[in-house]
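Asks: What follows is my_file01.pdb; its format and atoms are PDB, C-alpha atoms and all ligand atoms.
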ATOM      1  CA  MET W  18     122.163 104.928  82.589  1.00  0.00           C
ATOM      2  CA  GLN W  19     120.350 102.128  84.343  1.00  0.00           C
ATOM      3  CA  PHE W  20     116.750 100.944  84.200  1.00  0.00           C
ATOM      4  CA  TYR W  21     114.995  99.682  87.331  1.00  0.00           C
ATOM      5  CA  ASP W  22     111.751  97.710  87.215  1.00  0.00           C
ATOM      6  CA  ILE W  23     110.261  97.790  90.705  1.00  0.00           C
ATOM      7  CA  PHE W  24     107.129  95.704  91.188  1.00  0.00           C
ATOM      8  CA  ASN W  25     105.007  94.047  93.816  1.00  0.00           C
ATOM      9  CA  GLY W  26     105.668  90.300  93.654  1.00  0.00           C
ATOM     10  CA  ASP W  27     101.979  89.421  93.374  1.00  0.00           C
ATOM     11  CA  ALA W  28     100.001  88.788  90.187  1.00  0.00           C
ATOM     12  CA  ASP W  29      99.049  92.430  89.732  1.00  0.00           C
ATOM     13  CA  GLY W  30     102.589  93.774  89.986  1.00  0.00           C
ATOM     14  CA  LEU W  31     104.106  91.002  87.905  1.00  0.00           C
ATOM     15  CA  CYS W  32     101.495  91.159  85.125  1.00  0.00           C
ATOM     16  CA  ALA W  33     101.744  94.952  85.010  1.00  0.00           C
ATOM     17  CA  LEU W  34     105.451  94.650  84.293  1.00  0.00           C
ATOM     18  CA  GLN W  35     104.810  91.843  81.830  1.00  0.00           C
ATOM     19  CA  GLN W  36     102.537  94.084  79.783  1.00  0.00           C
ATOM     20  CA  LEU W  37     105.016  96.950  79.747  1.00  0.00           C
ATOM     21  CA  ARG W  38     108.001  94.807  78.815  1.00  0.00           C
ATOM     22  CA  LEU W  39     106.192  92.939  76.057  1.00  0.00           C
ATOM     23  CA  GLU W  40     105.584  96.357  74.496  1.00  0.00           C
ATOM     24  CA  ASP W  41     108.927  97.889  75.380  1.00  0.00           C
ATOM     25  CA  PRO W  42     111.523  95.192  76.127  1.00  0.00           C
ATOM     26  CA  ARG W  43     114.517  96.336  78.102  1.00  0.00           C
ATOM     27  CA  ALA W  44     117.129  94.936  80.434  1.00  0.00           C
ATOM     28  CA  ALA W  45     116.483  96.299  83.901  1.00  0.00           C
ATOM     29  CA  VAL W  46     117.426  95.676  87.499  1.00  0.00           C
ATOM     30  CA  LEU W  47     114.424  93.875  89.009  1.00  0.00           C
ATOM     31  CA  VAL W  48     113.400  94.939  92.499  1.00  0.00           C
ATOM     32  CA  THR W  49     110.572  92.913  94.027  1.00  0.00           C
ATOM     33  CA  GLY W  50     109.636  90.702  96.955  1.00  0.00           C
ATOM     34  CA  VAL W  51     106.792  89.033  98.795  1.00  0.00           C
ATOM     35  CA  LYS W  52     103.349  90.586  98.464  1.00  0.00           C
ATOM     36  CA  ARG W  53     103.496  92.360 101.815  1.00  0.00           C
ATOM     37  CA  ASP W  54     106.929  93.815 101.117  1.00  0.00           C
ATOM     38  CA  ILE W  55     105.932  97.150  99.661  1.00  0.00           C
ATOM     39  CA  ARG W  56     108.876  99.258 100.819  1.00  0.00           C
ATOM     40  CA  LEU W  57     110.733  98.504  97.654  1.00  0.00           C
ATOM     41  CA  LEU W  58     112.111 101.943  96.814  1.00  0.00           C
ATOM     42  CA  GLU W  59     114.292 101.948  99.929  1.00  0.00           C
ATOM     43  CA  ARG W  60     116.370  99.233  98.233  1.00  0.00           C
ATOM     44  CA  VAL W  61     117.090 101.368  95.167  1.00  0.00           C
ATOM     45  CA  ASN W  62     120.118 103.577  94.767  1.00  0.00           C
ATOM     46  CA  ALA W  63     119.601 105.297  91.462  1.00  0.00           C
ATOM     47  CA  ARG W  64     121.585 108.121  89.914  1.00  0.00           C
ATOM     48  CA  ALA W  65     120.916 111.026  87.598  1.00  0.00           C
ATOM     49  CA  GLY W  66     119.502 109.794  84.297  1.00  0.00           C
ATOM     50  CA  ASP W  67     118.434 106.398  85.628  1.00  0.00           C
ATOM     51  CA  GLU W  68     114.868 105.374  84.828  1.00  0.00           C
ATOM     52  CA  LEU W  69     112.535 103.769  87.332  1.00  0.00           C
ATOM     53  CA  THR W  70     109.263 102.009  86.593  1.00  0.00           C
ATOM     54  CA  VAL W  71     107.291 101.409  89.792  1.00  0.00           C
ATOM     55  CA  LEU W  72     104.291  99.088  89.888  1.00  0.00           C
ATOM     56  CA  ASP W  73     101.654  98.240  92.479  1.00  0.00           C
ATOM     57  CA  ILE W  74     103.238  99.571  95.672  1.00  0.00           C
ATOM     58  CA  SER W  75     101.784 102.456  97.659  1.00  0.00           C
ATOM     59  CA  LEU W  76     103.312 105.831  96.872  1.00  0.00           C
ATOM     60  CA  ARG W  77     102.466 107.000 100.371  1.00  0.00           C
ATOM     61  CA  THR W  78     104.588 104.227 101.881  1.00  0.00           C
ATOM     62  CA  ASN W  79     107.478 104.972  99.527  1.00  0.00           C
ATOM     63  CA  ALA W  80     107.204 108.771  99.460  1.00  0.00           C
ATOM     64  CA  GLY W  81     110.446 109.490 101.320  1.00  0.00           C
ATOM     65  CA  ASP W  82     112.509 107.246  99.094  1.00  0.00           C
ATOM     66  CA  LEU W  83     110.769 108.489  95.973  1.00  0.00           C
ATOM     67  CA  LYS W  84     111.809 112.026  96.910  1.00  0.00           C
ATOM     68  CA  ARG W  85     115.379 110.878  97.545  1.00  0.00           C
ATOM     69  CA  LEU W  86     115.548 109.214  94.123  1.00  0.00           C
ATOM     70  CA  LEU W  87     113.993 112.155  92.278  1.00  0.00           C
ATOM     71  CA  ASP W  88     116.357 114.532  94.074  1.00  0.00           C
ATOM     72  CA  ALA W  89     119.229 112.336  92.901  1.00  0.00           C
ATOM     73  CA  GLY W  90     118.111 112.985  89.314  1.00  0.00           C
ATOM     74  CA  ALA W  91     116.361 109.713  88.527  1.00  0.00           C
ATOM     75  CA  ARG W  92     113.246 109.679  86.348  1.00  0.00           C
ATOM     76  CA  CYS W  93     110.221 107.722  87.473  1.00  0.00           C
ATOM     77  CA  ARG W  94     106.972 106.393  86.057  1.00  0.00           C
ATOM     78  CA  TYR W  95     104.661 105.279  88.827  1.00  0.00           C
ATOM     79  CA  PHE W  96     101.603 103.059  88.271  1.00  0.00           C
ATOM     80  CA  ASP W  97      99.440 102.101  91.229  1.00  0.00           C
ATOM     81  CA  HIS W  98      95.935 101.740  92.705  1.00  0.00           C
ATOM     82  CA  HIS W  99      96.629 102.083  96.438  1.00  0.00           C
ATOM     83  CA  ALA W 100      95.945 105.252  98.426  1.00  0.00           C
ATOM     84  CA  ALA W 101      98.800 107.545  97.460  1.00  0.00           C
ATOM     85  CA  GLY W 102      98.707 110.458  99.897  1.00  0.00           C
ATOM     86  CA  ASP W 103     100.090 113.682  98.461  1.00  0.00           C
ATOM     87  CA  ILE W 104     101.525 113.053  95.034  1.00  0.00           C
ATOM     88  CA  PRO W 105     104.699 115.079  94.642  1.00  0.00           C
ATOM     89  CA  GLN W 106     104.949 117.452  91.705  1.00  0.00           C
ATOM     90  CA  HIS W 107     108.262 116.874  90.014  1.00  0.00           C
ATOM     91  CA  ALA W 108     109.418 117.264  86.416  1.00  0.00           C
ATOM     92  CA  ASN W 109     110.941 113.762  86.527  1.00  0.00           C
ATOM     93  CA  LEU W 110     107.876 112.026  87.926  1.00  0.00           C
ATOM     94  CA  LYS W 111     104.928 110.744  85.910  1.00  0.00           C
ATOM     95  CA  THR W 112     102.144 109.123  87.925  1.00  0.00           C
ATOM     96  CA  PHE W 113      99.336 106.886  86.746  1.00  0.00           C
ATOM     97  CA  ILE W 114      97.346 106.400  89.913  1.00  0.00           C
ATOM     98  CA  ASP W 115      93.703 105.381  90.153  1.00  0.00           C
ATOM     99  CA  THR W 116      92.319 104.296  93.505  1.00  0.00           C
ATOM    100  CA  ALA W 117      88.889 103.224  92.225  1.00  0.00           C
ATOM    101  CA  PRO W 118      87.878  99.975  93.986  1.00  0.00           C
ATOM    102  CA  ASP W 119      87.276  98.132  90.701  1.00  0.00           C
ATOM    103  CA  THR W 120      90.696  98.707  89.200  1.00  0.00           C
ATOM    104  CA  CYS W 121      94.200  97.406  89.787  1.00  0.00           C
ATOM    105  CA  THR W 122      97.658  98.345  88.585  1.00  0.00           C
ATOM    106  CA  SER W 123      97.539  95.966  85.631  1.00  0.00           C
ATOM    107  CA  LEU W 124      94.276  97.507  84.448  1.00  0.00           C
ATOM    108  CA  ILE W 125      95.845 100.971  84.747  1.00  0.00           C
ATOM    109  CA  VAL W 126      98.758  99.744  82.625  1.00  0.00           C
ATOM    110  CA  ASP W 127      96.255  98.177  80.219  1.00  0.00           C
ATOM    111  CA  ARG W 128      94.671 101.593  79.745  1.00  0.00           C
ATOM    112  CA  TYR W 129      98.119 103.141  79.272  1.00  0.00           C
ATOM    113  CA  LEU W 130      98.854 100.573  76.544  1.00  0.00           C
ATOM    114  CA  SER W 131      95.390 100.884  74.965  1.00  0.00           C
ATOM    115  CA  GLY W 132      94.708  97.226  75.721  1.00  0.00           C
ATOM    116  CA  ARG W 133      97.565  95.847  73.613  1.00  0.00           C
ATOM    117  CA  GLN W 134      98.512  93.187  76.210  1.00  0.00           C
ATOM    118  CA  ARG W 135      95.027  92.712  77.554  1.00  0.00           C
ATOM    119  CA  LEU W 136      95.325  88.990  78.343  1.00  0.00           C
ATOM    120  CA  TRP W 137      97.887  89.680  81.064  1.00  0.00           C
ATOM    121  CA  ALA W 138      95.702  92.423  82.521  1.00  0.00           C
ATOM    122  CA  VAL W 139      92.858  89.906  82.760  1.00  0.00           C
ATOM    123  CA  VAL W 140      95.122  87.438  84.596  1.00  0.00           C
ATOM    124  CA  ALA W 141      96.112  90.179  87.037  1.00  0.00           C
ATOM    125  CA  ALA W 142      92.575  91.368  87.710  1.00  0.00           C
ATOM    126  CA  PHE W 143      91.549  87.823  88.566  1.00  0.00           C
ATOM    127  CA  GLY W 144      94.632  87.564  90.797  1.00  0.00           C
ATOM    128  CA  ASP W 145      93.694  90.783  92.603  1.00  0.00           C
ATOM    129  CA  ASN W 146      90.244  89.310  93.265  1.00  0.00           C
ATOM    130  CA  LEU W 147      88.475  91.618  90.803  1.00  0.00           C
ATOM    131  CA  ALA W 148      86.566  88.981  88.863  1.00  0.00           C
ATOM    132  CA  GLU W 149      83.988  91.399  87.519  1.00  0.00           C
ATOM    133  CA  ALA W 150      86.608  93.816  86.234  1.00  0.00           C
ATOM    134  CA  ALA W 151      88.528  90.886  84.750  1.00  0.00           C
ATOM    135  CA  LEU W 152      85.486  89.650  82.854  1.00  0.00           C
ATOM    136  CA  HIS W 153      84.700  93.159  81.689  1.00  0.00           C
ATOM    137  CA  ALA W 154      88.256  93.611  80.378  1.00  0.00           C
ATOM    138  CA  ALA W 155      88.123  90.190  78.728  1.00  0.00           C
ATOM    139  CA  ALA W 156      84.766  90.730  76.987  1.00  0.00           C
ATOM    140  CA  PRO W 157      86.137  92.196  73.710  1.00  0.00           C
ATOM    141  CA  LEU W 158      88.544  89.234  73.402  1.00  0.00           C
ATOM    142  CA  ARG W 159      85.632  86.791  73.137  1.00  0.00           C
ATOM    143  CA  LEU W 160      87.417  84.046  75.060  1.00  0.00           C
ATOM    144  CA  ASP W 161      85.609  80.808  75.739  1.00  0.00           C
ATOM    145  CA  ASP W 162      84.781  79.750  79.295  1.00  0.00           C
ATOM    146  CA  GLY W 163      87.674  77.308  79.461  1.00  0.00           C
ATOM    147  CA  ASP W 164      90.182  80.031  78.634  1.00  0.00           C
ATOM    148  CA  LEU W 165      88.638  82.400  81.147  1.00  0.00           C
ATOM    149  CA  GLN W 166      88.798  79.709  83.777  1.00  0.00           C
ATOM    150  CA  ARG W 167      92.482  79.048  83.092  1.00  0.00           C
ATOM    151  CA  LEU W 168      93.382  82.757  83.104  1.00  0.00           C
ATOM    152  CA  ARG W 169      91.608  83.032  86.431  1.00  0.00           C
ATOM    153  CA  GLN W 170      93.500  80.067  87.851  1.00  0.00           C
ATOM    154  CA  LEU W 171      96.780  81.517  86.628  1.00  0.00           C
ATOM    155  CA  GLY W 172      96.061  84.862  88.299  1.00  0.00           C
ATOM    156  CA  GLU W 173      95.150  83.131  91.541  1.00  0.00           C
ATOM    157  CA  ALA W 174      98.230  80.906  91.331  1.00  0.00           C
ATOM    158  CA  ILE W 175     100.663  83.805  90.764  1.00  0.00           C
ATOM    159  CA  ASN W 176      98.986  85.739  93.547  1.00  0.00           C
ATOM    160  CA  TYR W 177      99.206  82.739  95.858  1.00  0.00           C
ATOM    161  CA  ASN W 178     102.918  82.471  95.149  1.00  0.00           C
ATOM    162  CA  ALA W 179     103.556  85.907  96.646  1.00  0.00           C
ATOM    163  CA  TYR W 180     102.257  85.082 100.146  1.00  0.00           C
ATOM    164  CA  GLY W 181     105.013  84.575 102.692  1.00  0.00           C
ATOM    165  CA  ASP W 182     107.134  86.411 105.219  1.00  0.00           C
ATOM    166  CA  THR W 183     110.267  86.255 103.097  1.00  0.00           C
ATOM    167  CA  VAL W 184     111.132  85.295  99.525  1.00  0.00           C
ATOM    168  CA  ASP W 185     112.522  81.990 100.892  1.00  0.00           C
ATOM    169  CA  ASP W 186     108.977  81.023 101.891  1.00  0.00           C
ATOM    170  CA  LEU W 187     107.747  81.284  98.301  1.00  0.00           C
ATOM    171  CA  HIS W 188     107.638  78.555  95.685  1.00  0.00           C
ATOM    172  CA  TYR W 189     109.250  80.904  93.175  1.00  0.00           C
ATOM    173  CA  PRO W 190     111.077  84.154  93.920  1.00  0.00           C
ATOM    174  CA  PRO W 191     108.986  86.735  92.052  1.00  0.00           C
ATOM    175  CA  ALA W 192     111.972  88.000  90.050  1.00  0.00           C
ATOM    176  CA  ASP W 193     112.614  84.438  88.797  1.00  0.00           C
ATOM    177  CA  LEU W 194     108.928  83.954  88.059  1.00  0.00           C
ATOM    178  CA  PHE W 195     108.931  87.144  86.011  1.00  0.00           C
ATOM    179  CA  GLU W 196     111.985  85.938  84.067  1.00  0.00           C
ATOM    180  CA  THR W 197     110.063  82.752  83.218  1.00  0.00           C
ATOM    181  CA  VAL W 198     106.851  84.556  82.344  1.00  0.00           C
ATOM    182  CA  ARG W 199     108.423  87.217  80.176  1.00  0.00           C
ATOM    183  CA  ALA W 200     108.993  84.854  77.242  1.00  0.00           C
ATOM    184  CA  TYR W 201     105.226  84.434  76.828  1.00  0.00           C
ATOM    185  CA  ARG W 202     103.140  86.935  74.932  1.00  0.00           C
ATOM    186  CA  ASP W 203     100.057  84.801  75.558  1.00  0.00           C
ATOM    187  CA  PRO W 204      99.420  83.573  79.113  1.00  0.00           C
ATOM    188  CA  ARG W 205      97.686  80.488  77.706  1.00  0.00           C
ATOM    189  CA  ASP W 206     101.031  79.417  76.220  1.00  0.00           C
ATOM    190  CA  PHE W 207     102.621  79.908  79.626  1.00  0.00           C
ATOM    191  CA  ILE W 208      99.910  77.741  81.192  1.00  0.00           C
ATOM    192  CA  ASN W 209     100.452  74.998  78.623  1.00  0.00           C
ATOM    193  CA  GLY W 210     104.216  75.278  78.293  1.00  0.00           C
ATOM    194  CA  GLU W 211     105.547  75.745  81.834  1.00  0.00           C
ATOM    195  CA  PRO W 212     105.262  73.392  84.817  1.00  0.00           C
ATOM    196  CA  VAL W 213     105.053  76.468  87.070  1.00  0.00           C
ATOM    197  CA  PHE W 214     101.310  76.746  86.656  1.00  0.00           C
ATOM    198  CA  GLU W 215     100.650  73.149  87.734  1.00  0.00           C
ATOM    199  CA  VAL W 216     103.055  73.396  90.667  1.00  0.00           C
ATOM    200  CA  LEU W 217     101.373  76.514  92.023  1.00  0.00           C
ATOM    201  CA  ARG W 218      97.869  75.335  91.314  1.00  0.00           C
ATOM    202  CA  ASN W 219      98.502  72.063  93.164  1.00  0.00           C
ATOM    203  CA  ALA W 220     100.149  73.866  96.083  1.00  0.00           C
ATOM    204  CA  LEU W 221      97.212  76.236  96.335  1.00  0.00           C
ATOM    205  CA  ALA W 222      94.722  73.336  96.235  1.00  0.00           C
ATOM    206  CA  ASP W 223      96.710  71.528  98.975  1.00  0.00           C
ATOM    207  CA  ASP W 224      96.652  74.630 101.159  1.00  0.00           C
ATOM    208  CA  LEU W 225      92.930  75.068 100.707  1.00  0.00           C
ATOM    209  CA  GLU W 226      92.334  71.418 101.565  1.00  0.00           C
ATOM    210  CA  ARG W 227      94.449  71.667 104.690  1.00  0.00           C
ATOM    211  CA  ALA W 228      92.652  74.839 105.742  1.00  0.00           C
ATOM    212  CA  ALA W 229      89.300  73.136 105.238  1.00  0.00           C
ATOM    213  CA  ALA W 230      90.449  70.099 107.235  1.00  0.00           C
ATOM    214  CA  ALA W 231      91.696  72.320 110.065  1.00  0.00           C
ATOM    215  CA  ALA W 232      88.346  74.121 110.156  1.00  0.00           C
TER     216      ALA W 232
HETATM  217 MN    MN X 301      97.336  95.327  93.129  1.00  0.00          MN
END
What would you get if you wrote out this structure as structure tokens?
Ligand SMILES: [Mn+2]
Replies:
Amino acid sequence: MQFYDIFNGDADGLCALQQLRLEDPRAAVLVTGVKRDIRLLERVNARAGDELTVLDISLRTNAGDLKRLLDAGARCRYFDHHAAGDIPQHANLKTFIDTAPDTCTSLIVDRYLSGRQRLWAVVAAFGDNLAEAALHAAAPLRLDDGDLQRLRQLGEAINYNAYGDTVDDLHYPPADLFETVRAYRDPRDFINGEPVFEVLRNALADDLERAAAAA
């Protein structure tokens, strides 16, 4: 039996998986890519009894492959906030889909986990450009403004990392970035303890400066 963790390589997908694996650590095959690469299920060849966790990629886009995998006997939990089309009814499929404009996959996972890894959901919501939802989710944590600012920058930095045509264009392949992130229960420790944050933040600032200069 094999586990597959299949996630969009942006902040929302990565932080959704981070929350789930902090709660329920497991070794899994990681399937991910650049932000725009959402046909991730076509890369999976699962068998009966295998377990798939799918995060932040449209079910509609992956419907054919989802059916193939379910027919093969795989079990699947599917978390997402994009338009899903017809959600198949299948004993082996559990969906957690909410297309409300003020939510994202990490906030759906946060609800699923009753807020137990809330800090990572806040990072993701900022990364998905949902500042209001991020602040709302963060309110019970009573973070100071400096912390909120850093969580926001981290979300934007992880999101920025996922933009490119291929994984070679990215500063960090999302699977590698997840492997680095997964050691950190608290994103503030990741910010303070890993050079990744500074690298991405500086690259993002450079890009913005160049864009401003070009305009
Ligand atoms: Mn998302």
Asks: The PyMOL selection byres (((chain W and resi 45) around 8) and not hetatm) on the file shown: which residues, as number ranges by chain?
Replies: W: 19-22, 43-44, 46-47
Asks: Please produce a file of those selected residues containing C-alpha atoms, as a CSV table (one decimal), keeping the file's coordinate frame.
Replies:
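Output file out_39.csv follows:
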chain,number,residue,atom,x,y,z
W,19,GLN,CA,120.4,102.1,84.3
W,20,PHE,CA,116.8,100.9,84.2
W,21,TYR,CA,115.0,99.7,87.3
W,22,ASP,CA,111.8,97.7,87.2
W,43,ARG,CA,114.5,96.3,78.1
W,44,ALA,CA,117.1,94.9,80.4
W,46,VAL,CA,117.4,95.7,87.5
W,47,LEU,CA,114.4,93.9,89.0
Asks: If I take atom CA of Thr49 of chain W and atom CA of Glu215 of chain W, how far is one from the other in Å, to one decimal?
Replies: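 We find that atom CA of Thr49 of chain W and atom CA of Glu215 of chain W lie 23.0 Å from each other.
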Asks: With only C-alpha atoms and all ligand atoms counted, collect every polymer residue having an atom within 6 Å of ligand MN 301 (chain X); state the result as a list in words.
Replies: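 Within the 6 Å cut-off, the matching residues are Asp29, Asp73, Cys121, Thr122 and Asp145 of chain W.
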Asks: Counting all atoms listed in the file, figure out which residue out of W:Asp27, W:Glu173, W:Asp54, W:Glu149 gets nearest to Tyr189 of chain W.
Replies: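 Using all atoms listed in the file, Tyr189 of chain W sits closest to W:Asp27.
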Asks: Name the residues that the PyMOL selection byres (((chain W and resi 136-141) around 9) and not hetatm) pulls out of this structure, and write them as a count of residues only.
Replies: 48
Asks: Name every residue that the PyMOL selection byres (((chain W and resi 190) around 9) and not hetatm) selects in this structure, writing the answer as a PyMOL selection string with chains first and numbers rising.
Replies: chain W and resi 26+49-51+178-179+184-189+191-195
Asks: Give as number ranges by chain the set of residues within 7 Å of the point (108.5, 101.5, 95.5), where distances use the file's coordinates and all atoms listed in the file.
Replies: W: 23, 55-58, 71, 74, 76, 79
Asks: One decimal, Å: what's the distance from atom CA of Thr112 of chain W over to atom CA of Arg199 of chain W, could you say?
Replies: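 It comes out at 24.1 Å.
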Asks: Using all atoms listed in the file, find all polymer residues with an atom at most 12 Å away from the point (97.7, 113.2, 98.2); report them as a PyMOL selection string.
Replies: chain W and resi 75-78+80+99-106+112+114-116
Asks: Pick from W:Phe113, W:Ser131, W:Asp182, W:Ala174: nearest to Val216 of chain W, with only C-alpha atoms counted?
Replies: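 Distance minimum relative to Val216 of chain W lands on W:Ala174.
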Asks: Return the single residue from W:Gln166, W:Leu34, W:Leu217, W:Arg60 that is closest to Asp97 of chain W, with distances computed using all atoms listed in the file.
Replies: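 Once distances to Asp97 of chain W are computed over all atoms listed in the file, the minimum belongs to W:Leu34.
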